[in-house]
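Below is one structure, written out as structure tokens; the observations come after it.
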Amino acid sequence: MKTYFLLIILIICSSLLQISQADSCSLNLNLTAVQFPFNLSSLHCSIVWNVHDFVLRYAQTSSNLWSFVLSKPDTNSYLGMGFSDDGLMVGSSAIVGWISSDGYANVKQYSLRAQIETQVIPDSGDLNISYSTIISQSTRIYLAFQLVTHRPSSRIIYSIGPVGMLPSSPSYRLMEHRDKISTALNYVTSETSNEDVDGDLRRSHGMLNMVGWGILMIIGGIIGRYFRHWDPIWFYAHIGIQSLGFIIGISGVICGFFLEDLTNARVSIHKGIGIFILVLSCLQVIMAFLVRPDKLSKVRKYWNWYHYSAGKILMAFAIANVFYGLHLGEKESGWSGKYGIVLAILFIISLVLEVKFWKRN
């Protein structure tokens, strides 16, 4: 009985200890390891990223000086806070802090010029930082710094690095974050809201390409192969659906180019496959409307062979690129399963029609 009683006490003490190690805006900030050049008790507070328990405290210390303290659980990873004019990571400047395995505190400013590690430049950026430090206390790390500015940007980006992969000398190369968020902070009310700057355009790009290249083109191909005995209805249905898929797909490609310009994303493989699909589909349209020989022509069978083979190649690459694009989108990963279900239904329909096709012939 005593053993159980002691076990319960240990569990309660452990829970209380974990609570005491957490950080929230209801708690007074008490950092004793460093003497700060600003008053910690006068800082405004906002929980800016619930998923990773990011808590931001800030205050305007003077007319052109702002003080910040950003904290998160110490998970052996860097934390970053970037200031952006448009809410995008590329083009912003960020202050990044971490504590190395030997306990040494590191704080550096990075200029985020592109979404590749070689274009994330240390000791560079537009932030005028007059003071910075990072400390570890009670299983949390606290990044504190001061900016010389009349008013910092309200669009703030937070990032958290991969576990155990910290920058090191001499290059201080910053490994790609394992998660990030773009937010808008109201410095007066301390309210923070998430921003999805490119979300609508990204979803439009994915949906248009999925429907145009990855669904309608397949349906049009099914009609062209299995419903020729419904002449001439099959022909007009085939041409109409393929034309609609082509137009929708072109719209998705245009959205993709705008999205690339907006985010400077590294998607060369996805882009290359998309351009290949676009070129092949344009050839299909040209061959169908301008080069298609008469039914009684001797070369018609060769044209049919080309048209059918090119169509199958187009659909295969379109399906692969849709899944690859959904993978790159990360947040849209739930659509992979939905698109897979649509493809499974179309495959079953094709299988049934293929059996009937061979029986009929």
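Scheme for the structure tokens: letters A, B, ... for chains in order shown; per-chain residue numbers from 1; ligand numbers from 1 in order shown.
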
Test item: residues at most 10 Å from Tyr339 in chain A, only C-alpha atoms, excluding those fewer than 3 positions along its chain, as number ranges by chain: A: 210-211, 214-215, 319, 322-323, 326, 334-336, 342-345

So that I can see what lies close to Trp66 in chain A, please list as number ranges by chain the residues with an atom at most 8 Å from it, counting only C-alpha atoms and leaving out residues fewer than 6 positions away in the same chain. A: 58-60, 146-149, 151-152

Which of these, A:Ser190, A:Ser100, A:Ser350, A:Asn361, has the shortest distance to Leu56 in chain A once you count only C-alpha atoms? A:Ser190

Might you pull out every residue within 10 Å of Asp200 in chain A, with only C-alpha atoms counted and same-chain residues fewer than 5 positions away left off, and present them as a PDB file with N, CA, C and O atoms, in the first residue's frame?
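As a result, part29.pdb now contains:
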ATOM      1  N   HIS A 205      -3.916  25.407 -58.468  1.00  0.00           N
ATOM      2  CA  HIS A 205      -2.972  24.709 -59.342  1.00  0.00           C
ATOM      3  C   HIS A 205      -3.156  23.195 -59.245  1.00  0.00           C
ATOM      4  O   HIS A 205      -3.248  22.505 -60.275  1.00  0.00           O
ATOM      5  N   GLY A 206      -3.228  22.686 -58.032  1.00  0.00           N
ATOM      6  CA  GLY A 206      -3.359  21.247 -57.851  1.00  0.00           C
ATOM      7  C   GLY A 206      -4.692  20.717 -58.347  1.00  0.00           C
ATOM      8  O   GLY A 206      -4.750  19.685 -59.034  1.00  0.00           O
ATOM      9  N   LEU A 259       2.599  30.489 -59.293  1.00  0.00           N
ATOM     10  CA  LEU A 259       2.979  29.975 -57.980  1.00  0.00           C
ATOM     11  C   LEU A 259       4.494  29.900 -57.841  1.00  0.00           C
ATOM     12  O   LEU A 259       5.054  30.231 -56.791  1.00  0.00           O
TER      13      LEU A 259
END

How would you write, as a PDB file with C-alpha atoms, in the first residue's frame, the set of residues in range 43-189 of chain A that DSSP gives as strand (DSSP E)?
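See out33.pdb below for the written result:
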ATOM      1  CA  HIS A  44       3.459  41.799 -24.132  1.00  0.00           C
ATOM      2  CA  CYS A  45       2.820  38.100 -24.678  1.00  0.00           C
ATOM      3  CA  SER A  46       1.266  35.983 -27.422  1.00  0.00           C
ATOM      4  CA  ILE A  47       1.130  32.238 -28.087  1.00  0.00           C
ATOM      5  CA  VAL A  48       2.138  32.336 -31.745  1.00  0.00           C
ATOM      6  CA  TRP A  49       2.439  28.639 -32.673  1.00  0.00           C
ATOM      7  CA  PHE A  54       6.109  28.879 -29.435  1.00  0.00           C
ATOM      8  CA  VAL A  55       5.530  31.803 -27.047  1.00  0.00           C
ATOM      9  CA  LEU A  56       6.518  35.316 -28.085  1.00  0.00           C
ATOM     10  CA  ARG A  57       7.036  38.272 -25.752  1.00  0.00           C
ATOM     11  CA  TYR A  58       7.787  41.733 -27.071  1.00  0.00           C
ATOM     12  CA  ALA A  59       7.717  45.449 -26.250  1.00  0.00           C
ATOM     13  CA  GLN A  60       8.693  48.768 -27.762  1.00  0.00           C
ATOM     14  CA  THR A  61      11.547  49.754 -25.483  1.00  0.00           C
ATOM     15  CA  SER A  62      12.040  53.185 -27.033  1.00  0.00           C
ATOM     16  CA  LEU A  65      14.007  49.980 -30.359  1.00  0.00           C
ATOM     17  CA  TRP A  66      11.929  46.793 -29.994  1.00  0.00           C
ATOM     18  CA  SER A  67      12.684  43.898 -27.641  1.00  0.00           C
ATOM     19  CA  PHE A  68      11.677  40.273 -28.270  1.00  0.00           C
ATOM     20  CA  VAL A  69      11.864  36.982 -26.365  1.00  0.00           C
ATOM     21  CA  LEU A  70      10.785  33.832 -28.221  1.00  0.00           C
ATOM     22  CA  SER A  71      10.637  30.531 -26.365  1.00  0.00           C
ATOM     23  CA  LYS A  72       9.976  26.887 -27.248  1.00  0.00           C
ATOM     24  CA  PRO A  73      10.696  23.464 -25.740  1.00  0.00           C
ATOM     25  CA  LEU A  79      14.328  28.037 -33.760  1.00  0.00           C
ATOM     26  CA  GLY A  80      13.940  30.900 -36.179  1.00  0.00           C
ATOM     27  CA  MET A  81      11.926  34.081 -36.373  1.00  0.00           C
ATOM     28  CA  GLY A  82      11.784  35.927 -39.680  1.00  0.00           C
ATOM     29  CA  PHE A  83      10.342  39.302 -40.633  1.00  0.00           C
ATOM     30  CA  SER A  84       8.762  39.473 -44.086  1.00  0.00           C
ATOM     31  CA  SER A  93      15.482  38.158 -42.992  1.00  0.00           C
ATOM     32  CA  ALA A  94      15.479  35.883 -39.954  1.00  0.00           C
ATOM     33  CA  ILE A  95      17.200  35.620 -36.632  1.00  0.00           C
ATOM     34  CA  VAL A  96      18.000  31.996 -35.753  1.00  0.00           C
ATOM     35  CA  GLY A  97      19.228  30.596 -32.457  1.00  0.00           C
ATOM     36  CA  TRP A  98      20.399  27.251 -31.135  1.00  0.00           C
ATOM     37  CA  ILE A  99      22.501  25.760 -28.372  1.00  0.00           C
ATOM     38  CA  ALA A 105      24.874  29.621 -27.419  1.00  0.00           C
ATOM     39  CA  ASN A 106      24.585  30.628 -31.085  1.00  0.00           C
ATOM     40  CA  VAL A 107      22.488  33.424 -32.586  1.00  0.00           C
ATOM     41  CA  LYS A 108      22.840  34.489 -36.203  1.00  0.00           C
ATOM     42  CA  GLN A 109      20.925  36.506 -38.748  1.00  0.00           C
ATOM     43  CA  TYR A 110      20.189  34.805 -42.079  1.00  0.00           C
ATOM     44  CA  SER A 111      19.132  36.268 -45.400  1.00  0.00           C
ATOM     45  CA  LEU A 112      16.604  33.939 -47.066  1.00  0.00           C
ATOM     46  CA  VAL A 120      20.250  30.945 -46.959  1.00  0.00           C
ATOM     47  CA  ILE A 121      23.161  33.241 -46.131  1.00  0.00           C
ATOM     48  CA  PRO A 122      24.461  33.538 -42.521  1.00  0.00           C
ATOM     49  CA  ILE A 129      20.050  43.767 -34.359  1.00  0.00           C
ATOM     50  CA  SER A 130      21.573  45.602 -31.412  1.00  0.00           C
ATOM     51  CA  TYR A 131      21.487  42.711 -28.931  1.00  0.00           C
ATOM     52  CA  SER A 132      20.895  38.964 -29.085  1.00  0.00           C
ATOM     53  CA  THR A 133      21.305  35.901 -26.904  1.00  0.00           C
ATOM     54  CA  ILE A 134      19.829  32.454 -26.397  1.00  0.00           C
ATOM     55  CA  ILE A 135      19.625  30.531 -23.134  1.00  0.00           C
ATOM     56  CA  SER A 136      18.300  27.181 -21.945  1.00  0.00           C
ATOM     57  CA  GLN A 137      16.281  27.003 -18.770  1.00  0.00           C
ATOM     58  CA  ARG A 140      12.994  25.387 -22.776  1.00  0.00           C
ATOM     59  CA  ILE A 141      15.166  27.664 -24.848  1.00  0.00           C
ATOM     60  CA  TYR A 142      14.684  31.415 -24.992  1.00  0.00           C
ATOM     61  CA  LEU A 143      15.826  33.504 -27.951  1.00  0.00           C
ATOM     62  CA  ALA A 144      16.093  37.166 -26.922  1.00  0.00           C
ATOM     63  CA  PHE A 145      17.030  40.045 -29.185  1.00  0.00           C
ATOM     64  CA  GLN A 146      16.484  43.732 -29.852  1.00  0.00           C
ATOM     65  CA  LEU A 147      15.732  45.350 -33.222  1.00  0.00           C
ATOM     66  CA  VAL A 148      16.568  48.936 -34.077  1.00  0.00           C
ATOM     67  CA  ARG A 155       4.214  39.535 -40.934  1.00  0.00           C
ATOM     68  CA  ILE A 156       6.357  37.101 -39.015  1.00  0.00           C
ATOM     69  CA  ILE A 157       7.547  33.625 -39.993  1.00  0.00           C
ATOM     70  CA  TYR A 158       8.510  31.020 -37.407  1.00  0.00           C
ATOM     71  CA  SER A 159      10.491  27.874 -38.134  1.00  0.00           C
ATOM     72  CA  ILE A 160      11.829  24.900 -36.241  1.00  0.00           C
ATOM     73  CA  ASP A 179       8.128  22.887 -39.994  1.00  0.00           C
ATOM     74  CA  LYS A 180       7.289  26.557 -40.478  1.00  0.00           C
ATOM     75  CA  ILE A 181       4.355  28.924 -40.191  1.00  0.00           C
ATOM     76  CA  SER A 182       3.579  32.388 -41.544  1.00  0.00           C
ATOM     77  CA  THR A 183       1.642  34.664 -39.215  1.00  0.00           C
ATOM     78  CA  ALA A 184       0.427  38.226 -38.796  1.00  0.00           C
ATOM     79  CA  LEU A 185       0.958  39.897 -35.416  1.00  0.00           C
TER      80      LEU A 185
END

Quick one: pull the distance between CA of Leu43 in chain A and CA of Ser193 in chain A, Å, one decimal.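 Going from CA of Leu43 in chain A over to CA of Ser193 in chain A covers 19.3 Å.
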
Identify, on the basis of only C-alpha atoms, every residue whose closest approach to Val279 in chain A does not exceed 12 Å; exclude the query and any residue fewer than 5 positions from it along the same chain; express the result as an mmCIF file with N, CA and C atoms, in the first residue's frame.
data_model
loop_
_atom_site.group_PDB
_atom_site.id
_atom_site.type_symbol
_atom_site.label_atom_id
_atom_site.label_comp_id
_atom_site.auth_asym_id
_atom_site.auth_seq_id
_atom_site.Cartn_x
_atom_site.Cartn_y
_atom_site.Cartn_z
ATOM 1 N N PHE A 246 -8.059 19.636 -71.587
ATOM 2 C CA PHE A 246 -6.907 20.420 -72.068
ATOM 3 C C PHE A 246 -6.984 21.861 -71.569
ATOM 4 N N GLY A 249 -6.457 21.913 -67.832
ATOM 5 C CA GLY A 249 -5.052 21.629 -67.569
ATOM 6 C C GLY A 249 -4.153 22.818 -67.869
ATOM 7 N N ILE A 250 -4.432 23.521 -68.982
ATOM 8 C CA ILE A 250 -3.663 24.728 -69.312
ATOM 9 C C ILE A 250 -3.812 25.767 -68.204
ATOM 10 N N VAL A 253 -1.578 24.820 -65.400
ATOM 11 C CA VAL A 253 -0.170 25.115 -65.704
ATOM 12 C C VAL A 253 0.128 26.599 -65.489
ATOM 13 N N GLY A 272 9.315 20.056 -64.909
ATOM 14 C CA GLY A 272 9.753 19.416 -66.149
ATOM 15 C C GLY A 272 8.728 18.421 -66.677
ATOM 16 N N ILE A 273 8.178 17.607 -65.760
ATOM 17 C CA ILE A 273 7.149 16.644 -66.176
ATOM 18 C C ILE A 273 5.910 17.375 -66.673
ATOM 19 N N GLY A 274 5.551 18.459 -65.989
ATOM 20 C CA GLY A 274 4.385 19.234 -66.400
ATOM 21 C C GLY A 274 4.550 19.825 -67.793
ATOM 22 N N GLN A 284 -0.956 16.278 -79.455
ATOM 23 C CA GLN A 284 -2.165 15.487 -79.638
ATOM 24 C C GLN A 284 -3.273 16.325 -80.282
ATOM 25 N N VAL A 285 -3.422 17.553 -79.807
ATOM 26 C CA VAL A 285 -4.460 18.437 -80.353
ATOM 27 C C VAL A 285 -4.162 18.766 -81.815
ATOM 28 N N ILE A 286 -2.889 19.092 -82.107
ATOM 29 C CA ILE A 286 -2.507 19.431 -83.487
ATOM 30 C C ILE A 286 -2.723 18.245 -84.414
ATOM 31 N N ALA A 310 0.545 7.805 -77.673
ATOM 32 C CA ALA A 310 0.853 9.099 -77.058
ATOM 33 C C ALA A 310 -0.147 9.423 -75.952
ATOM 34 N N LEU A 314 0.774 10.128 -72.091
ATOM 35 C CA LEU A 314 0.333 11.376 -71.466
ATOM 36 C C LEU A 314 -0.392 11.093 -70.155
#

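Within range 3-176 of chain A, DSSP run on the backbone puts these residues in helix (DSSP H, G or I): Thr3, Tyr4, Phe5, Leu6, Leu7, Ile8, Ile9, Leu10, Ile11, Ile12, Cys13, Ser14, Ser15, Leu16, Leu17, Gln18, Ile19, Ser20, Gln21, Leu40, Ser41, Ser42, Glu117, Thr118 and Gln119 of chain A.
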
Could you tell me how far CA of Gly164 in chain A lies from CA of Asn76 in chain A, in Å and to one decimal? 5.5 Å

Out of A:Lys338, A:Arg178, A:Arg113, A:His238, which residue has the shortest atom-to-atom distance to Tyr226 in chain A when counting only C-alpha atoms?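 Closest residue, counting only C-alpha atoms: A:His238.
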
Which of A:Gln242, A:Tyr324, A:Tyr306, A:Ser77 sits closest to Gly220 in chain A [using only C-alpha atoms]: A:Gln242

List the spatial neighbours of Lys295 in chain A as a list in words - criterion: any atom at most 10 Å away, only C-alpha atoms, same-chain residues fewer than 5 positions off excluded. Arg300, Lys301 and Asn304 of chain A

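Computed from the coordinates, the CA of Lys356 in chain A to CA of His229 in chain A distance equals 12.2 Å.
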
Best match for closeness to His327 in chain A among A:Val267, A:Leu346, A:Asp86, A:Cys282, counting only C-alpha atoms: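 Among the listed residues, the smallest separation from His327 in chain A belongs to A:Val267.
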